[in-house]
file data_29.tsv (TSV, C-alpha atoms)
chain	number	residue	atom	x	y	z
U	1	MET	CA	-212.57	58.44	-37.47
U	2	GLU	CA	-213.85	59.65	-34.12
U	3	ARG	CA	-211.42	61.99	-32.42
U	4	ARG	CA	-211.12	62.22	-28.67
U	5	THR	CA	-209.28	64.71	-26.58
U	6	PHE	CA	-206.51	63.38	-24.40
U	7	LEU	CA	-208.13	61.87	-21.34
U	8	ARG	CA	-211.25	60.68	-19.65
U	9	GLY	CA	-213.55	63.55	-18.70
U	10	ALA	CA	-213.00	65.49	-21.92
U	11	VAL	CA	-214.27	63.10	-24.54
U	12	ILE	CA	-215.90	64.28	-27.72
U	13	GLY	CA	-217.78	61.90	-30.02
U	14	SER	CA	-216.88	58.79	-28.04
U	15	SER	CA	-218.76	56.32	-25.89
U	16	ALA	CA	-218.24	55.22	-22.31
U	17	ALA	CA	-217.66	51.69	-23.54
U	18	ALA	CA	-214.46	52.85	-25.24
U	19	PHE	CA	-212.96	53.32	-21.81
U	20	GLY	CA	-214.23	50.09	-20.31
U	21	GLY	CA	-216.05	52.05	-17.64
U	22	THR	CA	-218.35	54.92	-16.84
U	23	LEU	CA	-217.78	58.12	-18.76
U	24	MET	CA	-217.66	61.04	-16.35
U	25	HIS	CA	-217.39	64.05	-18.69
U	26	GLY	CA	-215.64	65.90	-15.88
U	27	ALA	CA	-218.80	66.30	-13.81
U	28	ALA	CA	-217.47	63.89	-11.19
U	29	TYR	CA	-214.12	62.39	-10.36
U	30	ALA	CA	-212.82	59.87	-12.89
U	31	ALA	CA	-209.90	57.55	-12.18
U	32	PRO	CA	-206.64	58.97	-13.54
U	33	ALA	CA	-204.70	57.31	-16.31
U	34	GLN	CA	-203.13	53.95	-15.49
U	35	PRO	CA	-199.91	52.19	-16.57
U	36	GLY	CA	-200.09	49.98	-19.62
U	37	ALA	CA	-198.50	49.17	-22.92
U	38	GLY	CA	-197.77	52.40	-24.74
U	39	PRO	CA	-198.62	52.92	-28.41
U	40	TYR	CA	-195.01	52.37	-29.49
U	41	GLY	CA	-194.07	49.37	-27.35
U	42	GLY	CA	-191.27	49.05	-24.84
U	43	LEU	CA	-187.99	50.96	-24.72
U	44	GLY	CA	-184.89	49.52	-26.34
U	45	ALA	CA	-181.28	49.75	-25.22
U	46	ALA	CA	-179.73	53.22	-24.96
U	47	ASP	CA	-178.41	54.54	-28.28
U	48	ALA	CA	-175.13	56.36	-28.82
U	49	ASN	CA	-176.64	59.49	-27.24
U	50	GLY	CA	-177.77	57.61	-24.13
U	51	ILE	CA	-181.44	57.74	-25.13
U	52	MET	CA	-183.69	54.68	-24.75
U	53	LEU	CA	-186.39	54.69	-27.45
U	54	PRO	CA	-189.02	52.36	-28.89
U	55	ALA	CA	-188.20	50.42	-32.04
U	56	GLY	CA	-188.13	52.56	-35.16
U	57	PHE	CA	-187.14	55.79	-33.40
U	58	SER	CA	-183.74	57.49	-33.37
U	59	SER	CA	-182.15	60.52	-31.72
U	60	ARG	CA	-179.58	63.15	-32.58
U	61	VAL	CA	-177.98	66.00	-30.64
U	62	ILE	CA	-178.99	69.42	-31.94
U	63	ALA	CA	-177.03	71.66	-29.57
U	64	ARG	CA	-174.92	71.69	-26.41
U	65	SER	CA	-174.71	74.55	-23.92
U	66	GLY	CA	-171.67	76.75	-24.43
U	67	GLN	CA	-170.84	75.13	-27.76
U	68	THR	CA	-171.49	76.37	-31.27
U	69	VAL	CA	-174.65	74.91	-32.75
U	70	PRO	CA	-173.40	72.70	-35.64
U	71	GLY	CA	-173.74	74.50	-38.96
U	72	THR	CA	-173.89	77.93	-37.30
U	73	SER	CA	-171.64	80.39	-35.46
U	74	TYR	CA	-174.00	80.70	-32.48
U	75	ALA	CA	-173.14	79.31	-29.02
U	76	TRP	CA	-176.15	77.57	-27.42
U	77	HIS	CA	-177.41	78.90	-24.10
U	78	SER	CA	-177.06	77.30	-20.66
U	79	ALA	CA	-179.85	75.39	-18.87
U	80	PRO	CA	-182.23	74.93	-21.83
U	81	ASP	CA	-185.82	74.74	-20.59
U	82	GLY	CA	-189.31	75.28	-22.09
U	83	GLY	CA	-189.64	75.23	-25.85
U	84	ALA	CA	-191.94	75.24	-28.87
U	85	CYS	CA	-191.81	74.82	-32.65
U	86	PHE	CA	-192.93	77.31	-35.30
U	87	ALA	CA	-193.44	76.85	-39.04
U	88	ASP	CA	-190.94	78.74	-41.19
U	89	GLY	CA	-191.83	78.38	-44.85
U	90	THR	CA	-191.03	74.78	-45.73
U	91	GLY	CA	-188.89	74.50	-42.62
U	92	TRP	CA	-189.41	75.24	-38.94
U	93	ILE	CA	-187.88	76.84	-35.85
U	94	TYR	CA	-187.37	75.39	-32.37
U	95	VAL	CA	-187.31	77.97	-29.57
U	96	SER	CA	-185.76	77.23	-26.17
U	97	ASN	CA	-185.62	79.18	-22.91
U	98	SER	CA	-182.57	79.55	-20.68
U	99	GLU	CA	-183.30	78.98	-16.99
U	100	ILE	CA	-180.40	80.89	-15.48
U	101	ASN	CA	-180.46	83.96	-13.26
U	102	PRO	CA	-179.25	86.51	-14.20
U	103	SER	CA	-179.07	86.57	-18.02
U	104	GLY	CA	-181.77	84.01	-18.85
U	105	GLY	CA	-183.47	84.73	-22.15
U	106	ALA	CA	-184.21	82.42	-25.07
U	107	SER	CA	-182.66	81.20	-28.31
U	108	ALA	CA	-183.86	79.67	-31.57
U	109	VAL	CA	-182.64	77.05	-34.05
U	110	LYS	CA	-183.78	77.08	-37.68
U	111	PHE	CA	-184.26	73.94	-39.81
U	112	ASN	CA	-184.90	73.54	-43.53
U	113	SER	CA	-187.48	71.15	-44.97
U	114	SER	CA	-185.11	68.17	-44.66
U	115	GLY	CA	-184.30	68.89	-41.01
U	116	THR	CA	-180.84	70.37	-41.57
U	117	VAL	CA	-179.90	73.17	-39.18
U	118	THR	CA	-179.57	76.42	-41.12
U	119	GLY	CA	-179.20	78.98	-38.34
U	120	ALA	CA	-179.32	79.77	-34.63
U	121	TYR	CA	-179.69	83.07	-32.79
U	122	ARG	CA	-180.80	84.84	-29.61
U	123	ILE	CA	-184.41	86.10	-29.37
U	124	LEU	CA	-184.47	87.31	-25.74
U	125	SER	CA	-181.70	88.62	-23.47
U	126	ASN	CA	-181.11	90.12	-20.02
U	127	THR	CA	-184.05	88.49	-18.26
U	128	ARG	CA	-184.17	86.15	-15.26
U	129	GLN	CA	-184.58	82.39	-15.02
U	130	ASN	CA	-186.75	81.86	-18.07
U	131	CYS	CA	-188.38	78.53	-17.35
U	132	ALA	CA	-191.35	77.54	-19.49
U	133	GLY	CA	-193.75	79.59	-21.59
U	134	GLY	CA	-196.11	79.06	-24.48
U	135	LYS	CA	-196.78	79.56	-28.16
U	136	THR	CA	-199.42	82.04	-29.35
U	137	PRO	CA	-201.72	81.58	-32.37
U	138	TRP	CA	-200.03	84.62	-33.96
U	139	ASN	CA	-196.65	82.85	-33.82
U	140	THR	CA	-194.88	84.52	-30.94
U	141	TRP	CA	-193.22	82.80	-27.98
U	142	LEU	CA	-194.21	83.77	-24.44
U	143	SER	CA	-191.12	83.34	-22.28
U	144	CYS	CA	-191.86	83.29	-18.54
U	145	GLU	CA	-189.63	84.30	-15.63
U	146	GLU	CA	-189.68	81.85	-12.73
U	147	VAL	CA	-188.79	84.42	-10.07
U	148	ASP	CA	-190.76	86.40	-7.51
U	149	ARG	CA	-192.81	89.01	-9.40
U	150	GLY	CA	-191.43	87.75	-12.67
U	151	TYR	CA	-192.63	88.94	-16.06
U	152	VAL	CA	-193.95	87.33	-19.22
U	153	TYR	CA	-191.99	88.41	-22.30
U	154	GLU	CA	-193.44	88.16	-25.79
U	155	THR	CA	-190.69	87.27	-28.25
U	156	ASP	CA	-190.29	86.79	-32.00
U	157	PRO	CA	-189.08	83.27	-32.95
U	158	TYR	CA	-188.03	84.59	-36.35
U	159	GLY	CA	-185.60	87.07	-34.81
U	160	VAL	CA	-187.03	90.14	-36.54
U	161	ASN	CA	-188.95	92.03	-33.85
U	162	ALA	CA	-187.65	92.99	-30.42
U	163	SER	CA	-189.05	91.20	-27.38
U	164	VAL	CA	-191.72	93.01	-25.34
U	165	GLN	CA	-192.42	92.85	-21.61
U	166	ARG	CA	-196.09	92.07	-20.83
U	167	PRO	CA	-196.78	93.26	-17.25
U	168	ALA	CA	-200.56	93.14	-17.76
U	169	MET	CA	-200.26	89.34	-17.67
U	170	GLY	CA	-199.34	89.58	-14.00
U	171	ARG	CA	-196.17	89.62	-11.96
U	172	PHE	CA	-195.63	86.38	-10.10
U	173	LYS	CA	-193.44	83.28	-10.25
U	174	HIS	CA	-194.44	82.38	-13.79
U	175	GLU	CA	-193.97	78.92	-15.24
U	176	ALA	CA	-195.97	78.07	-18.37
U	177	ALA	CA	-198.58	79.61	-20.67
U	178	ALA	CA	-201.15	78.11	-23.03
U	179	ALA	CA	-203.26	80.08	-25.50
U	180	ASP	CA	-206.95	79.28	-26.01
U	181	PRO	CA	-208.12	80.76	-29.34
U	182	VAL	CA	-211.74	79.75	-28.73
U	183	ARG	CA	-212.18	81.80	-25.54
U	184	GLN	CA	-209.39	84.19	-26.58
U	185	VAL	CA	-207.48	83.86	-23.32
U	186	VAL	CA	-204.03	82.71	-22.17
U	187	TYR	CA	-203.76	80.31	-19.21
U	188	LEU	CA	-200.83	80.71	-16.81
U	189	THR	CA	-199.30	78.47	-14.14
U	190	GLU	CA	-197.49	79.63	-10.99
U	191	ASP	CA	-194.52	77.74	-9.54
U	192	GLU	CA	-195.28	78.17	-5.83
U	193	SER	CA	-196.21	75.50	-3.29
U	194	SER	CA	-199.44	77.47	-2.75
U	195	GLY	CA	-199.65	78.82	-6.27
U	196	CYS	CA	-202.71	79.57	-8.35
U	197	PHE	CA	-203.91	78.97	-11.89
U	198	TYR	CA	-204.68	82.08	-13.94
U	199	ARG	CA	-206.08	83.23	-17.24
U	200	PHE	CA	-205.36	86.50	-19.02
U	201	ILE	CA	-208.09	88.05	-21.16
U	202	PRO	CA	-206.52	90.53	-23.61
U	203	THR	CA	-208.47	93.67	-24.40
U	204	THR	CA	-207.88	92.78	-28.05
U	205	TRP	CA	-207.07	89.19	-29.02
U	206	GLY	CA	-203.61	89.12	-30.54
U	207	ASN	CA	-202.41	92.09	-28.45
U	208	LEU	CA	-201.15	91.29	-24.94
U	209	SER	CA	-200.38	94.87	-23.91
U	210	SER	CA	-203.57	95.23	-21.88
U	211	GLY	CA	-206.34	93.10	-20.47
U	212	THR	CA	-207.71	91.42	-17.36
U	213	LEU	CA	-205.91	88.87	-15.18
U	214	GLN	CA	-208.19	86.33	-13.50
U	215	VAL	CA	-207.59	83.52	-11.01
U	216	LEU	CA	-209.37	80.17	-10.77
U	217	LYS	CA	-211.69	79.71	-7.80
U	218	ALA	CA	-212.75	76.27	-6.57
U	219	GLY	CA	-212.98	74.09	-3.48
U	220	THR	CA	-210.25	71.98	-1.96
U	221	ALA	CA	-211.37	68.70	-3.56
U	222	THR	CA	-209.58	67.08	-6.50
U	223	SER	CA	-212.64	67.49	-8.73
U	224	GLY	CA	-215.60	69.80	-9.02
U	225	SER	CA	-216.70	73.02	-10.65
U	226	PHE	CA	-214.72	76.24	-10.94
U	227	THR	CA	-215.21	79.92	-11.64
U	228	TRP	CA	-212.91	82.85	-12.45
U	229	ALA	CA	-212.38	86.06	-10.47
U	230	ASN	CA	-210.48	89.24	-11.36
U	231	VAL	CA	-207.12	89.76	-9.68
U	232	PRO	CA	-207.36	93.32	-8.28
U	233	ASP	CA	-203.64	94.12	-8.62
U	234	PRO	CA	-201.79	92.07	-11.28
U	235	ASP	CA	-198.56	93.87	-10.28
U	236	GLY	CA	-198.47	91.69	-7.16
U	237	SER	CA	-197.06	94.32	-4.79
U	238	PRO	CA	-197.34	94.67	-1.90
U	239	THR	CA	-199.82	91.75	-1.94
U	240	SER	CA	-198.96	88.72	-4.10
U	241	THR	CA	-201.43	87.82	-6.82
U	242	ARG	CA	-202.05	84.39	-5.27
U	243	THR	CA	-203.32	85.88	-2.00
U	244	GLN	CA	-205.56	88.66	-3.32
U	245	VAL	CA	-208.72	86.66	-4.06
U	246	SER	CA	-210.55	84.73	-1.37
U	247	GLY	CA	-211.40	81.21	-2.52
U	248	SER	CA	-208.69	81.00	-5.17
U	249	LYS	CA	-207.68	77.35	-5.52
U	250	LYS	CA	-204.12	76.49	-4.50
U	251	PHE	CA	-201.93	74.16	-6.52
U	252	ASN	CA	-198.66	72.66	-5.34
U	253	GLY	CA	-196.04	73.93	-7.74
U	254	GLY	CA	-197.60	74.66	-11.13
U	255	GLU	CA	-195.46	73.57	-14.09
U	256	GLY	CA	-196.34	72.73	-17.71
U	257	CYS	CA	-199.59	73.77	-19.41
U	258	HIS	CA	-201.24	72.69	-22.67
U	259	TYR	CA	-204.55	73.56	-24.37
U	260	ALA	CA	-206.48	71.55	-26.97
U	261	ASN	CA	-210.14	70.92	-27.82
U	262	ASP	CA	-211.89	72.82	-25.01
U	263	THR	CA	-209.54	71.33	-22.42
U	264	VAL	CA	-206.47	72.63	-20.65
U	265	TRP	CA	-204.03	70.36	-18.84
U	266	PHE	CA	-201.37	71.47	-16.38
U	267	THR	CA	-198.94	69.71	-14.05
U	268	THR	CA	-198.09	70.27	-10.38
U	269	LYS	CA	-194.69	69.01	-9.28
U	270	GLY	CA	-195.28	69.16	-5.52
U	271	ASP	CA	-197.84	66.33	-5.63
U	272	ASN	CA	-196.96	64.79	-9.01
U	273	ARG	CA	-200.33	65.39	-10.62
U	274	VAL	CA	-201.71	66.26	-14.02
U	275	TRP	CA	-204.86	68.38	-13.75
U	276	GLN	CA	-207.57	68.77	-16.37
U	277	LEU	CA	-209.94	71.69	-16.79
U	278	ASN	CA	-212.99	70.89	-18.88
U	279	LEU	CA	-213.73	74.34	-20.25
U	280	ALA	CA	-217.03	73.51	-21.93
U	281	ASN	CA	-218.70	72.80	-18.58
U	282	SER	CA	-216.35	74.60	-16.14
U	283	THR	CA	-215.30	71.49	-14.21
U	284	TYR	CA	-211.91	70.20	-13.17
U	285	GLU	CA	-210.49	66.80	-12.23
U	286	LEU	CA	-207.29	64.81	-11.95
U	287	ALA	CA	-206.02	63.34	-15.19
U	288	TYR	CA	-203.05	61.65	-13.48
U	289	ASP	CA	-201.98	61.13	-9.88
U	290	ASP	CA	-199.15	58.69	-9.16
U	291	SER	CA	-200.45	58.02	-5.64
U	292	LEU	CA	-203.67	56.62	-7.10
U	293	VAL	CA	-202.09	54.26	-9.63
U	294	SER	CA	-203.43	50.83	-8.76
U	295	GLY	CA	-200.79	48.35	-7.64
U	296	GLY	CA	-198.09	51.00	-7.34
U	297	GLY	CA	-195.26	51.31	-9.85
U	298	ALA	CA	-196.35	54.65	-11.28
U	299	PRO	CA	-194.44	55.22	-14.53
U	300	LEU	CA	-194.60	59.02	-14.41
U	301	THR	CA	-192.86	60.85	-11.57
U	302	GLY	CA	-191.53	64.38	-11.28
U	303	VAL	CA	-194.07	65.88	-13.71
U	304	ASP	CA	-192.90	69.03	-15.47
U	305	ASN	CA	-193.18	70.39	-19.02
U	306	VAL	CA	-196.02	69.07	-21.16
U	307	THR	CA	-197.00	69.13	-24.83
U	308	GLY	CA	-199.51	67.40	-27.08
U	309	SER	CA	-199.35	65.66	-30.43
U	310	SER	CA	-201.72	66.20	-33.34
U	311	TYR	CA	-203.04	62.66	-32.78
U	312	GLY	CA	-204.21	63.45	-29.27
U	313	ASP	CA	-201.44	62.06	-27.08
U	314	LEU	CA	-200.11	64.06	-24.15
U	315	TYR	CA	-196.32	63.99	-23.59
U	316	VAL	CA	-195.12	64.81	-20.06
U	317	ALA	CA	-191.44	65.40	-19.26
U	318	GLU	CA	-189.92	64.38	-15.93
U	319	ASP	CA	-187.88	66.50	-13.54
U	320	GLY	CA	-186.29	63.60	-11.68
U	321	GLY	CA	-187.75	60.11	-11.67
U	322	ASN	CA	-186.19	58.01	-14.44
U	323	LEU	CA	-185.64	61.08	-16.63
U	324	GLU	CA	-188.37	60.02	-19.02
U	325	ILE	CA	-190.87	61.59	-21.32
U	326	CYS	CA	-194.09	59.66	-20.74
U	327	VAL	CA	-197.06	59.52	-23.06
U	328	ILE	CA	-200.68	59.62	-21.86
U	329	THR	CA	-202.96	58.31	-24.58
U	330	PRO	CA	-206.59	59.20	-25.34
U	331	ASP	CA	-207.64	55.85	-23.85
U	332	ASP	CA	-206.04	56.64	-20.49
U	333	ILE	CA	-202.82	54.64	-20.80
U	334	VAL	CA	-199.61	56.15	-19.43
U	335	ALA	CA	-196.26	54.70	-20.48
U	336	PRO	CA	-192.64	55.79	-20.99
U	337	PHE	CA	-191.89	57.03	-24.51
U	338	LEU	CA	-188.18	57.66	-23.95
U	339	ARG	CA	-185.62	57.62	-21.16
U	340	VAL	CA	-182.36	59.57	-20.86
U	341	THR	CA	-179.57	57.55	-19.22
U	342	GLY	CA	-176.40	58.65	-17.45
U	343	GLN	CA	-177.77	62.09	-16.53
U	344	SER	CA	-179.29	61.57	-13.08
U	345	SER	CA	-178.55	65.16	-11.97
U	346	SER	CA	-180.53	66.68	-14.83
U	347	GLU	CA	-184.18	67.13	-15.81
U	348	ILE	CA	-186.06	66.79	-19.09
U	349	THR	CA	-187.41	70.05	-20.51
U	350	GLY	CA	-188.96	71.69	-23.55
U	351	PRO	CA	-190.77	68.87	-25.40
U	352	ALA	CA	-192.26	70.17	-28.65
U	353	PHE	CA	-193.25	68.66	-31.99
U	354	SER	CA	-192.26	69.95	-35.41
U	355	PRO	CA	-195.18	71.33	-37.45
U	356	ALA	CA	-195.54	68.01	-39.30
U	357	GLY	CA	-195.60	66.10	-36.01
U	358	ASN	CA	-192.83	63.68	-37.01
U	359	ARG	CA	-189.98	65.15	-34.94
U	360	LEU	CA	-189.90	65.70	-31.18
U	361	TYR	CA	-187.47	68.19	-29.64
U	362	PHE	CA	-186.49	68.31	-25.97
U	363	SER	CA	-183.53	69.10	-23.73
U	364	SER	CA	-181.66	67.60	-20.83
U	365	GLN	CA	-181.17	70.77	-18.84
U	366	ARG	CA	-177.89	69.88	-17.14
U	367	GLY	CA	-176.68	66.93	-19.21
U	368	THR	CA	-174.06	64.52	-17.94
U	369	SER	CA	-172.21	67.19	-15.94
U	370	GLY	CA	-175.13	68.12	-13.68
U	371	SER	CA	-174.32	71.78	-14.36
U	372	SER	CA	-176.39	74.42	-16.17
U	373	THR	CA	-173.49	74.74	-18.61
U	374	GLY	CA	-173.89	71.10	-19.62
U	375	GLY	CA	-177.34	71.25	-21.23
U	376	ILE	CA	-178.08	69.15	-24.31
U	377	THR	CA	-180.91	69.66	-26.82
U	378	TYR	CA	-182.10	66.61	-28.79
U	379	GLU	CA	-184.31	65.66	-31.70
U	380	VAL	CA	-186.18	62.35	-31.94
U	381	THR	CA	-187.54	61.10	-35.27
U	382	GLY	CA	-189.65	58.07	-36.02
U	383	PRO	CA	-193.15	56.76	-36.72
U	384	PHE	CA	-195.11	59.12	-34.47
U	385	ARG	CA	-198.83	58.69	-34.90
U	386	VAL	CA	-200.27	61.88	-36.34
call {"tool": "encode", "arguments": {"input": "data_29.tsv", "output": "structure tokens"}}
result
Amino acid sequence: MERRTFLRGAVIGSSAAAFGGTLMHGAAYAAPAQPGAGPYGGLGAADANGIMLPAGFSSRVIARSGQTVPGTSYAWHSAPDGGACFADGTGWIYVSNSEINPSGGASAVKFNSSGTVTGAYRILSNTRQNCAGGKTPWNTWLSCEEVDRGYVYETDPYGVNASVQRPAMGRFKHEAAAADPVRQVVYLTEDESSGCFYRFIPTTWGNLSSGTLQVLKAGTATSGSFTWANVPDPDGSPTSTRTQVSGSKKFNGGEGCHYANDTVWFTTKGDNRVWQLNLANSTYELAYDDSLVSGGGAPLTGVDNVTGSSYGDLYVAEDGGNLEICVITPDDIVAPFLRVTGQSSSEITGPAFSPAGNRLYFSSQRGTSGSSTGGITYEVTGPFRV
């Protein structure tokens, strides 16, 4: 069947008629995704874990901060944040950051082929406020420090190799990372109200020890063309990386970042937007903006971490709002996929699919207590479209 990328403006092998309107291909502004009936229907009543899910889906608790992960002797970290899954033989591993300062770091949970937890362990320690990050094609986890002049750390999800600091990727208030194996670069978001969007070009693909940090340059509009410029001093001192290049485009609080099919999406929490870079023609546009949802009632507020499914759906977690993970479909529909109840002082973090695409992991960073020591990490199973 024809496969499209996530949203209007990045369509491959599809016609304008499929969208019921004019196909923009990113060259001009296209209306962001709109509310509608999601692919899985409406949410049911909250289950025993306080999670509202569509029919056919179920949840379970994988770990709780400060408590031993069931089936292991390892105590789960506080304030679980960004995460990703990695294949491990017939099983898989879910990696999760810890957004506390000091200490921070990241941990991992191992699963066998049936989904039973078989181990848990620390993969990064003694860092600061590790927020989001990203998975590399060579199966390492980039854990990013959300502090002034923070570092990116490359870690081993399998717990064999020691973590490595990657200063060449720039020192700034890092949030998320997304690897692009086609252009052999890593995209990086910056969690500042006047932050920038970056890409790192390694000297050798697969080795992040050296390379060139670039920043996106564009006008002030919400759509148009963009270019890249070298950041003269990636160390960010005494001049911050975001102020070194004239014409660098400013984004209001960069958060999650995801790459697929010649397109990179990232979220900005300050204005509740999902941005889309169309890499094949070097244009950008809005994929979602709650202020432009016709008739009001925007379903997605407090945009934060983001991931994609193998089918082509984009899943965006909320920091605030109704504490939902919303899905944005390839045909521009945005709808709640799940909602966490009874945890209004928390945020949803770390959405990531298992390698088979039939299990979704995520965390409630502060749980029912509203404290970083109350984090809860969940798994959702069900008939995901893959």
call {"tool": "atom_distance", "arguments": {"input": "data_29.tsv", "atom1": "CA of Gln184 (chain U)", "atom2": "CA of Gly308 (chain U)"}}
result
19.5 Å
call {"tool": "closest_residue", "arguments": {"input": "data_29.tsv", "among": "U:Ile348, U:Val186, U:Ala176, U:Val215", "to": "Asn230 (chain U)", "atoms": "only C-alpha atoms"}}
result
U:Val215
call {"tool": "closest_atom_pairs", "arguments": {"input": "data_29.tsv", "of": "region 46-99 of chain U", "to": "region 158-169 of chain U", "cutoff": "10 Å", "atoms": "all atoms listed in the file", "output": "tab-separated table"}}
result
residue	atom	partner	partner_atom	distance
U:Phe86	CA	U:Tyr158	CA	8.8
U:Ala87	CA	U:Tyr158	CA	9.8
U:Asp88	CA	U:Tyr158	CA	8.1
U:Trp92	CA	U:Tyr158	CA	9.8
U:Ile93	CA	U:Tyr158	CA	7.8
U:Val95	CA	U:Tyr158	CA	9.5
call {"tool": "closest_residue", "arguments": {"input": "data_29.tsv", "among": "U:Thr90, U:Ser248, U:Thr116, U:Asn126", "to": "Thr227 (chain U)", "atoms": "only C-alpha atoms"}}
result
U:Ser248
call {"tool": "residues_around", "arguments": {"input": "data_29.tsv", "residues": "Phe172 (chain U)", "least_positions_apart": "6", "cutoff": "8 Å", "atoms": "all atoms listed in the file", "output": "ChimeraX atom specification"}}
result
/U:146-151,190,236,240-241
call {"tool": "atom_distance", "arguments": {"input": "data_29.tsv", "atom1": "CA of Ala79 (chain U)", "atom2": "CA of Gly134 (chain U)"}}
result
17.6 Å
call {"tool": "closest_residue", "arguments": {"input": "data_29.tsv", "among": "U:Val109, U:Val69, U:Ala229, U:Ala179", "to": "Gly133 (chain U)", "atoms": "only C-alpha atoms"}}
result
U:Ala179
call {"tool": "closest_residue", "arguments": {"input": "data_29.tsv", "among": "U:Gly42, U:Pro234, U:Gly302, U:Gly297", "to": "Arg273 (chain U)", "atoms": "all atoms listed in the file"}}
result
U:Gly302
call {"tool": "atom_distance", "arguments": {"input": "data_29.tsv", "atom1": "CA of Arg385 (chain U)", "atom2": "CA of Thr329 (chain U)"}}
result
11.1 Å
call {"tool": "residues_around", "arguments": {"input": "data_29.tsv", "residues": "region 336-344 of chain U", "least_positions_apart": "2", "cutoff": "9 Å", "atoms": "only C-alpha atoms", "output": "number ranges by chain"}}
result
U: 38-43, 46, 49-54, 299-300, 315, 320-328, 334, 346-348, 364, 366-370
call {"tool": "residues_around", "arguments": {"input": "data_29.tsv", "residues": "Ala108 (chain U)", "least_positions_apart": "5", "cutoff": "7 Å", "atoms": "only C-alpha atoms", "output": "PyMOL selection string"}}
result
chain U and resi 93-96+120-123+157
call {"tool": "residues_around", "arguments": {"input": "data_29.tsv", "residues": "Ser114 (chain U)", "least_positions_apart": "3", "cutoff": "10 Å", "atoms": "all atoms listed in the file", "output": "number ranges by chain"}}
result
U: 90-91, 111, 117
call {"tool": "write_last_selection", "arguments": {"input": "data_29.tsv", "atoms": "C-alpha atoms", "output": "PDB file, in the frame of the given file"}}
result
ATOM      1  CA  THR U  90    -191.030  74.780 -45.730  1.00  0.00           C
ATOM      2  CA  GLY U  91    -188.890  74.500 -42.620  1.00  0.00           C
ATOM      3  CA  PHE U 111    -184.260  73.940 -39.810  1.00  0.00           C
ATOM      4  CA  VAL U 117    -179.900  73.170 -39.180  1.00  0.00           C
TER       5      VAL U 117
END
call {"tool": "closest_residue", "arguments": {"input": "data_29.tsv", "among": "U:Thr204, U:Ser309, U:Asn130, U:Thr373", "to": "Asn358 (chain U)", "atoms": "all atoms listed in the file"}}
result
U:Ser309
call {"tool": "closest_residue", "arguments": {"input": "data_29.tsv", "among": "U:Ser58, U:Gln244, U:Glu318, U:Gln34", "to": "Asp289 (chain U)", "atoms": "all atoms listed in the file"}}
result
U:Gln34
call {"tool": "residues_near_point", "arguments": {"input": "data_29.tsv", "point": "(-203.2, 64.6, -28.3)", "cutoff": "12 Å", "atoms": "all atoms listed in the file", "output": "number ranges by chain"}}
result
U: 3-7, 10-11, 258-261, 263-265, 306-316, 327-332, 353, 357, 384-386
call {"tool": "residues_around", "arguments": {"input": "data_29.tsv", "residues": "Tyr288 (chain U)", "least_positions_apart": "5", "cutoff": "7 Å", "atoms": "only C-alpha atoms", "output": "VMD selection string"}}
result
chain U and resid 32 to 33 273 to 275
